[in-house]
Amino acid sequence: MSPSRIDPELLSSAGLDRFVGHDGVVERVRLAAYGWCEDGGRVLLCRISDEGPAGGHWTLPGGGLDFGEDPVDGLLRELDEETGLAGDVGELLGVRSAILEPGETASGHRVQTVGLLYRVTITGGTLRDETGGSTDMARWVPLADVAALSLVGLVPWALEVAGA
């Protein structure tokens, strides 16, 4: 996808020029919450659907927050949507920031992703795959097998932060 560019004069007149980079590409921040769900030497992972960038790669359950949504509520919503499971959100394990360039995003924007990683204990539900969403598969994966998968950068970082 080509970078999303907006007329700098229009943005400046509206006081929105702080959202455009030096190269004219829209820049924005995406806040997300993810769950580290570990059980019996396995971790819960979700495969990103082919609908956008990183399709086929594995990530943690979670994702972008809606405006005004509490991170814990957003994480539980995403956990249910992507896996069918319910959980209890525990400690904040870490915060990760990364920059995605326009070619790495569906919008063509430059996006700074800020991800909050929480420890989650699964309390109920039945594991299932998401249909028609951002992921298409959810699985408990043995920790020893995770490195062999195609992973987004969040997962190796989370393995380290969680001490797995």
# chains A, B, ... in the order shown; residues from 1 in each chain; ligands from 1
>>> closest_atom_pairs(of="segment 15-84 of chain A", to="segment 110-130 of chain A", cutoff="8 Å", atoms="only C-alpha atoms", output="Markdown table")
| residue | atom | partner | partner_atom | distance |
| --- | --- | --- | --- | --- |
| A:Val25 | CA | A:Arg110 | CA | 6.7 |
| A:Val26 | CA | A:Arg110 | CA | 6.2 |
| A:Glu27 | CA | A:Arg110 | CA | 4.7 |
| A:Arg28 | CA | A:Val111 | CA | 5.1 |
| A:Val29 | CA | A:Gln112 | CA | 4.7 |
| A:Arg30 | CA | A:Thr113 | CA | 4.8 |
| A:Leu31 | CA | A:Val114 | CA | 5.0 |
| A:Ala32 | CA | A:Gly115 | CA | 4.7 |
| A:Ala33 | CA | A:Leu116 | CA | 4.6 |
| A:Tyr34 | CA | A:Leu117 | CA | 4.9 |
| A:Gly35 | CA | A:Tyr118 | CA | 5.1 |
| A:Trp36 | CA | A:Arg119 | CA | 4.8 |
| A:Cys37 | CA | A:Val120 | CA | 5.1 |
| A:Glu38 | CA | A:Thr121 | CA | 7.6 |
| A:Pro71 | CA | A:Leu116 | CA | 7.9 |
| A:Glu81 | CA | A:Glu130 | CA | 6.4 |
| A:Glu82 | CA | A:Glu130 | CA | 4.9 |
| A:Thr83 | CA | A:Arg128 | CA | 5.3 |
| A:Gly84 | CA | A:Leu127 | CA | 5.3 |
>>> write_last_selection(atoms="N, CA and C atoms", output="mmCIF file, in the first residue's frame")
data_model
loop_
_atom_site.group_PDB
_atom_site.id
_atom_site.type_symbol
_atom_site.label_atom_id
_atom_site.label_comp_id
_atom_site.auth_asym_id
_atom_site.auth_seq_id
_atom_site.Cartn_x
_atom_site.Cartn_y
_atom_site.Cartn_z
ATOM 1 N N VAL A 25 3.808 11.768 5.338
ATOM 2 C CA VAL A 25 3.048 10.568 5.686
ATOM 3 C C VAL A 25 2.345 10.786 7.025
ATOM 4 N N VAL A 26 1.083 10.374 7.098
ATOM 5 C CA VAL A 26 0.326 10.463 8.343
ATOM 6 C C VAL A 26 1.015 9.583 9.388
ATOM 7 N N GLU A 27 1.179 10.147 10.587
ATOM 8 C CA GLU A 27 1.783 9.415 11.695
ATOM 9 C C GLU A 27 0.789 9.368 12.853
ATOM 10 N N ARG A 28 0.636 8.190 13.432
ATOM 11 C CA ARG A 28 -0.299 8.057 14.534
ATOM 12 C C ARG A 28 0.198 7.018 15.529
ATOM 13 N N VAL A 29 -0.447 6.983 16.669
ATOM 14 C CA VAL A 29 -0.095 6.053 17.735
ATOM 15 C C VAL A 29 -1.253 5.079 17.927
ATOM 16 N N ARG A 30 -0.926 3.821 18.117
ATOM 17 C CA ARG A 30 -1.927 2.778 18.368
ATOM 18 C C ARG A 30 -1.604 2.143 19.707
ATOM 19 N N LEU A 31 -2.530 2.236 20.649
ATOM 20 C CA LEU A 31 -2.374 1.625 21.959
ATOM 21 C C LEU A 31 -3.072 0.274 21.960
ATOM 22 N N ALA A 32 -2.375 -0.736 22.451
ATOM 23 C CA ALA A 32 -2.919 -2.089 22.441
ATOM 24 C C ALA A 32 -2.587 -2.795 23.752
ATOM 25 N N ALA A 33 -3.366 -3.814 24.066
ATOM 26 C CA ALA A 33 -3.119 -4.639 25.254
ATOM 27 C C ALA A 33 -3.102 -6.104 24.829
ATOM 28 N N TYR A 34 -2.118 -6.845 25.340
ATOM 29 C CA TYR A 34 -1.929 -8.243 24.980
ATOM 30 C C TYR A 34 -1.829 -9.097 26.233
ATOM 31 N N GLY A 35 -2.182 -10.376 26.085
ATOM 32 C CA GLY A 35 -2.144 -11.283 27.213
ATOM 33 C C GLY A 35 -1.086 -12.349 27.066
ATOM 34 N N TRP A 36 -0.316 -12.550 28.130
ATOM 35 C CA TRP A 36 0.601 -13.684 28.219
ATOM 36 C C TRP A 36 -0.145 -14.764 28.993
ATOM 37 N N CYS A 37 -0.624 -15.771 28.261
ATOM 38 C CA CYS A 37 -1.412 -16.854 28.838
ATOM 39 C C CYS A 37 -0.564 -18.124 28.746
ATOM 40 N N GLU A 38 -0.037 -18.548 29.869
ATOM 41 C CA GLU A 38 0.834 -19.719 29.902
ATOM 42 C C GLU A 38 0.191 -20.779 30.788
ATOM 43 N N PRO A 71 -7.498 -0.606 29.312
ATOM 44 C CA PRO A 71 -6.679 -1.676 28.731
ATOM 45 C C PRO A 71 -7.077 -3.078 29.183
ATOM 46 N N GLU A 81 -12.874 -12.471 21.700
ATOM 47 C CA GLU A 81 -13.085 -12.430 20.248
ATOM 48 C C GLU A 81 -12.162 -13.398 19.513
ATOM 49 N N GLU A 82 -10.892 -13.429 19.904
ATOM 50 C CA GLU A 82 -9.891 -14.187 19.150
ATOM 51 C C GLU A 82 -9.776 -15.653 19.541
ATOM 52 N N THR A 83 -10.192 -15.995 20.786
ATOM 53 C CA THR A 83 -9.969 -17.362 21.259
ATOM 54 C C THR A 83 -11.191 -18.048 21.847
ATOM 55 N N GLY A 84 -12.229 -17.289 22.196
ATOM 56 C CA GLY A 84 -13.387 -17.859 22.880
ATOM 57 C C GLY A 84 -13.165 -18.069 24.369
#
>>> select_by_dssp(residues="segment 69-131 of chain A", states="strand (DSSP E or B)", output="compact mmCIF listing (two decimals) with N, CA and C atoms, in the first residue's frame")
# COMPACT_ATOMS: atom_id res chain seq x y z
N LEU A 85 -12.02 -17.65 24.88
CA LEU A 85 -11.68 -17.88 26.28
C LEU A 85 -11.90 -16.63 27.13
N ALA A 86 -12.11 -16.85 28.41
CA ALA A 86 -12.22 -15.78 29.40
C ALA A 86 -11.01 -15.87 30.31
N GLY A 87 -10.65 -14.75 30.92
CA GLY A 87 -9.48 -14.78 31.77
C GLY A 87 -9.53 -13.78 32.89
N ASP A 88 -8.53 -13.90 33.75
CA ASP A 88 -8.33 -12.98 34.85
C ASP A 88 -7.00 -12.28 34.57
N VAL A 89 -7.04 -10.96 34.43
CA VAL A 89 -5.84 -10.19 34.09
C VAL A 89 -5.06 -9.90 35.37
N GLY A 90 -3.78 -10.26 35.35
CA GLY A 90 -2.91 -10.05 36.49
C GLY A 90 -1.94 -8.89 36.26
N GLU A 91 -0.70 -9.12 36.64
CA GLU A 91 0.31 -8.06 36.63
C GLU A 91 0.66 -7.58 35.22
N LEU A 92 1.04 -6.32 35.16
CA LEU A 92 1.58 -5.74 33.93
C LEU A 92 3.02 -6.21 33.83
N LEU A 93 3.35 -6.95 32.77
CA LEU A 93 4.69 -7.49 32.60
C LEU A 93 5.64 -6.53 31.90
N GLY A 94 5.11 -5.69 31.02
CA GLY A 94 5.97 -4.78 30.30
C GLY A 94 5.22 -3.93 29.31
N VAL A 95 5.94 -2.94 28.78
CA VAL A 95 5.41 -2.03 27.76
C VAL A 95 6.40 -2.04 26.61
N ARG A 96 5.90 -2.22 25.40
CA ARG A 96 6.75 -2.28 24.21
C ARG A 96 6.31 -1.23 23.21
N SER A 97 7.27 -0.52 22.66
CA SER A 97 6.99 0.48 21.63
C SER A 97 7.75 0.11 20.37
N ALA A 98 7.08 0.19 19.24
CA ALA A 98 7.71 -0.11 17.96
C ALA A 98 7.12 0.81 16.89
N ILE A 99 7.90 1.09 15.87
CA ILE A 99 7.45 1.90 14.74
C ILE A 99 7.21 0.99 13.54
N LEU A 100 6.02 1.08 12.96
CA LEU A 100 5.70 0.36 11.73
C LEU A 100 5.69 1.38 10.59
N ARG A 110 2.31 5.71 9.03
CA ARG A 110 3.41 5.33 9.91
C ARG A 110 2.80 5.26 11.31
N VAL A 111 2.94 4.10 11.96
CA VAL A 111 2.25 3.89 13.22
C VAL A 111 3.25 3.51 14.31
N GLN A 112 3.18 4.25 15.41
CA GLN A 112 3.91 3.85 16.60
C GLN A 112 2.95 2.98 17.40
N THR A 113 3.32 1.72 17.58
CA THR A 113 2.49 0.82 18.37
C THR A 113 3.04 0.80 19.80
N VAL A 114 2.17 0.98 20.75
CA VAL A 114 2.53 0.87 22.16
C VAL A 114 1.69 -0.27 22.72
N GLY A 115 2.36 -1.35 23.08
CA GLY A 115 1.67 -2.54 23.57
C GLY A 115 1.92 -2.77 25.04
N LEU A 116 0.84 -2.99 25.77
CA LEU A 116 0.90 -3.33 27.18
C LEU A 116 0.76 -4.84 27.29
N LEU A 117 1.68 -5.49 27.99
CA LEU A 117 1.65 -6.94 28.13
C LEU A 117 1.29 -7.31 29.56
N TYR A 118 0.18 -8.04 29.71
CA TYR A 118 -0.30 -8.47 31.01
C TYR A 118 -0.24 -9.98 31.13
N ARG A 119 0.01 -10.47 32.34
CA ARG A 119 -0.12 -11.90 32.60
C ARG A 119 -1.62 -12.20 32.74
N VAL A 120 -2.09 -13.25 32.09
CA VAL A 120 -3.51 -13.61 32.12
C VAL A 120 -3.64 -15.08 32.50
N THR A 121 -4.54 -15.34 33.42
CA THR A 121 -4.90 -16.71 33.79
C THR A 121 -6.25 -17.02 33.15
N ILE A 122 -6.30 -18.09 32.38
CA ILE A 122 -7.55 -18.48 31.72
C ILE A 122 -8.48 -19.05 32.77
N THR A 123 -9.74 -18.56 32.77
CA THR A 123 -10.73 -18.97 33.77
C THR A 123 -11.93 -19.70 33.20
N GLY A 124 -12.07 -19.71 31.88
CA GLY A 124 -13.23 -20.38 31.31
C GLY A 124 -13.30 -20.21 29.81
N GLY A 125 -14.39 -20.69 29.25
CA GLY A 125 -14.59 -20.63 27.82
C GLY A 125 -14.10 -21.90 27.14
>>> select_by_dssp(residues="segment 116-147 of chain A", states="alpha helix (DSSP H)", output="count of residues only")
4
>>> closest_residue(among="A:Val161, A:Leu60, A:Leu65, A:Val43", to="Leu79 of chain A", atoms="only C-alpha atoms")
A:Leu60
>>> closest_residue(among="A:Pro102, A:Gly133, A:Gly24, A:Pro156", to="Glu78 of chain A", atoms="only C-alpha atoms")
A:Gly133
>>> residues_around(residues="Ala164 of chain A", least_positions_apart="6", cutoff="9 Å", atoms="only C-alpha atoms", output="VMD selection string")
chain A and resid 38 41 143 158
>>> write_last_selection(atoms="N, CA and C atoms", output="mmCIF file, in the first residue's frame")
data_model
loop_
_atom_site.group_PDB
_atom_site.id
_atom_site.type_symbol
_atom_site.label_atom_id
_atom_site.label_comp_id
_atom_site.auth_asym_id
_atom_site.auth_seq_id
_atom_site.Cartn_x
_atom_site.Cartn_y
_atom_site.Cartn_z
ATOM 1 N N GLU A 38 -0.037 -18.548 29.869
ATOM 2 C CA GLU A 38 0.834 -19.719 29.902
ATOM 3 C C GLU A 38 0.191 -20.779 30.788
ATOM 4 N N GLY A 41 3.532 -25.328 30.429
ATOM 5 C CA GLY A 41 4.598 -25.299 29.432
ATOM 6 C C GLY A 41 4.127 -24.918 28.039
ATOM 7 N N LEU A 143 5.999 -24.203 24.585
ATOM 8 C CA LEU A 143 7.032 -23.164 24.564
ATOM 9 C C LEU A 143 8.229 -23.570 23.712
ATOM 10 N N ALA A 158 7.941 -10.797 24.326
ATOM 11 C CA ALA A 158 7.096 -11.273 25.413
ATOM 12 C C ALA A 158 7.682 -12.517 26.074
#
>>> closest_residue(among="A:Arg77, A:His109, A:His57, A:Arg139", to="Val155 of chain A", atoms="only C-alpha atoms")
A:His57
>>> residues_around(residues="Ala54 of chain A", least_positions_apart="4", cutoff="8 Å", atoms="only C-alpha atoms", output="PDB file with C-alpha atoms, in the first residue's frame")
ATOM      1  CA  ILE A  48      -2.982 -13.272  12.022  1.00  0.00           C
ATOM      2  CA  ASP A  50      -4.371 -12.987   5.542  1.00  0.00           C
ATOM      3  CA  GLU A 104       3.874  -2.552   7.081  1.00  0.00           C
ATOM      4  CA  VAL A 152       5.534 -10.935  14.933  1.00  0.00           C
TER       5      VAL A 152
END
>>> atom_distance(atom1="atom CA of Ser150 of chain A", atom2="atom CA of Gly56 of chain A")
7.4 Å
>>> closest_residue(among="A:Gly55, A:Cys46, A:Gly62, A:Thr131", to="Val146 of chain A", atoms="only C-alpha atoms")
A:Cys46
>>> atom_distance(atom1="atom CA of Gly64 of chain A", atom2="atom CA of Leu159 of chain A")
20.2 Å
>>> atom_distance(atom1="atom CA of Leu149 of chain A", atom2="atom CA of Arg42 of chain A")
13.9 Å
>>> closest_residue(among="A:Pro61, A:Leu44, A:Glu101, A:Phe67", to="Ser134 of chain A", atoms="only C-alpha atoms")
A:Pro61
